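Peer 1: Before anything else, here's the structure in question.
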Amino acid sequence: MAKKLTPRIVTAEQATEILSPSDAPAPRLSRPLAPGKLRTRASFADAIGRLWAQAEENFIAIGRYLNHAKTTLEHGEFMEMVERDLPFRYSTGNRMMKVAAALDANVLSLDTMPGSYATAYEVLTLTDEERSAAAEQGLIRPDVQRKEIAEFKKRLRAPSPAPSTDRRTELLREIKQAKDEVKRWKERQAQLEAELAALS
């Protein structure tokens, strides 16, 4: 359920500032076709694809707006806005902010960025080396699923496997052979010392 927004009274100066042109992209206001008017697979795919592209653009724009709001609003006002005035939690907003900042810093490329903010954020949780490895394996792409990135990260960060049972058995056998050899050499040493003592 959406939170009820409380109107805020602003001065003429504040209204001018609020309504002044911004560098941030304006949200799209076009309405999609009604699903009942679509009849073919191609028309459904086209409509859904356009909406998905708009959703991607919107989460980037939301992240940029949030980043700008955080640097612009008075101390404490940003968190209050997120907690009271927005239809999502801070954790969701924070992820969109990080994705937008990564795009603006060229850490992520718009051409290869995953279409979901959650998946794009998952990519950002990789180290630079891990991101390079993921890119080499073709995982940094618009249609990648969050699950694929999570599995990739899990594989990379998994502890090294314990030595195989075969190798363990081989090592134990070699240790036993070495101990037997040491025992034989000690016995031979004792024989030689006894023989030397008999000669004296």
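Quick note on naming: the chains in the structure tokens go A, B, ... in the order shown, residues restart at 1 in each chain, and ligands are numbered from 1 in order of appearance.
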Determine, counting only C-alpha atoms, which protein, DNA and RNA residues have an atom within 9 Å of an atom of stretch 88-100 of chain A; residues of the same chain fewer than 6 positions away are not included. Present the result as an mmCIF file with N, CA and C atoms, in the first residue's frame.

Peer 2:
```cif
data_model
loop_
_atom_site.group_PDB
_atom_site.id
_atom_site.type_symbol
_atom_site.label_atom_id
_atom_site.label_comp_id
_atom_site.auth_asym_id
_atom_site.auth_seq_id
_atom_site.Cartn_x
_atom_site.Cartn_y
_atom_site.Cartn_z
ATOM 1 N N ALA A 2 0.621 2.180 -0.869
ATOM 2 C CA ALA A 2 1.423 3.401 -0.975
ATOM 3 C C ALA A 2 1.184 4.282 0.240
ATOM 4 N N PHE A 59 14.740 3.106 -13.249
ATOM 5 C CA PHE A 59 15.496 2.822 -12.038
ATOM 6 C C PHE A 59 16.828 3.563 -12.042
ATOM 7 N N ILE A 60 17.398 3.807 -13.205
ATOM 8 C CA ILE A 60 18.624 4.608 -13.279
ATOM 9 C C ILE A 60 18.302 6.061 -12.907
ATOM 10 N N ALA A 61 17.212 6.585 -13.459
ATOM 11 C CA ALA A 61 16.815 7.965 -13.151
ATOM 12 C C ALA A 61 16.490 8.113 -11.664
ATOM 13 N N ILE A 62 15.795 7.141 -11.093
ATOM 14 C CA ILE A 62 15.473 7.194 -9.664
ATOM 15 C C ILE A 62 16.758 7.223 -8.845
ATOM 16 N N GLY A 63 17.710 6.382 -9.201
ATOM 17 C CA GLY A 63 18.997 6.374 -8.497
ATOM 18 C C GLY A 63 19.698 7.715 -8.590
ATOM 19 N N ARG A 64 19.661 8.318 -9.769
ATOM 20 C CA ARG A 64 20.292 9.642 -9.938
ATOM 21 C C ARG A 64 19.561 10.710 -9.131
ATOM 22 N N TYR A 65 18.234 10.674 -9.142
ATOM 23 C CA TYR A 65 17.466 11.631 -8.336
ATOM 24 C C TYR A 65 17.799 11.457 -6.846
ATOM 25 N N LEU A 66 17.865 10.212 -6.405
ATOM 26 C CA LEU A 66 18.183 9.955 -4.997
ATOM 27 C C LEU A 66 19.586 10.453 -4.655
ATOM 28 N N ASN A 67 20.565 10.197 -5.523
ATOM 29 C CA ASN A 67 21.927 10.683 -5.271
ATOM 30 C C ASN A 67 21.954 12.203 -5.176
ATOM 31 N N MET A 79 16.878 11.069 4.618
ATOM 32 C CA MET A 79 16.389 9.809 5.195
ATOM 33 C C MET A 79 14.911 9.914 5.556
ATOM 34 N N VAL A 82 12.997 9.420 2.380
ATOM 35 C CA VAL A 82 12.983 8.012 1.959
ATOM 36 C C VAL A 82 12.030 7.208 2.832
ATOM 37 N N LEU A 108 30.144 0.624 -14.579
ATOM 38 C CA LEU A 108 29.239 -0.193 -15.398
ATOM 39 C C LEU A 108 28.983 0.560 -16.697
ATOM 40 N N TYR A 117 17.701 -3.551 -11.560
ATOM 41 C CA TYR A 117 18.592 -2.858 -10.619
ATOM 42 C C TYR A 117 19.170 -3.845 -9.616
ATOM 43 N N ALA A 118 18.399 -4.862 -9.234
ATOM 44 C CA ALA A 118 18.889 -5.840 -8.250
ATOM 45 C C ALA A 118 20.046 -6.653 -8.836
ATOM 46 N N ALA A 120 21.975 -5.626 -11.405
ATOM 47 C CA ALA A 120 23.082 -4.673 -11.595
ATOM 48 C C ALA A 120 23.803 -4.449 -10.266
ATOM 49 N N TYR A 121 23.055 -4.348 -9.178
ATOM 50 C CA TYR A 121 23.671 -4.180 -7.868
ATOM 51 C C TYR A 121 24.497 -5.416 -7.508
ATOM 52 N N LEU A 124 27.760 -5.177 -8.915
ATOM 53 C CA LEU A 124 28.597 -4.228 -8.182
ATOM 54 C C LEU A 124 29.194 -4.822 -6.919
#
```

Peer 1: Need the shell around A:Arg131: protein/DNA/RNA residues with any atom at most 10 Å away, counting only C-alpha atoms. Skip same-chain ones fewer than 4 positions apart. Format as an MDAnalysis selection string?

Peer 2: chainID A and resid 107:108 123:127 135:137 139:140 149 153

Peer 1: Please list as a PyMOL selection string every residue within 9 Å of A:Thr112, counting only C-alpha atoms and excluding residues in the same chain fewer than 6 positions away.

Peer 2: chain A and resi 140-143

Peer 1: If you measure from atom CA of A:Glu151 to atom CA of A:Ala105, what distance in Å do you get, rounded to one decimal?

Peer 2: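 Spanning atom CA of A:Glu151 to atom CA of A:Ala105 is a straight-line distance of 26.2 Å.
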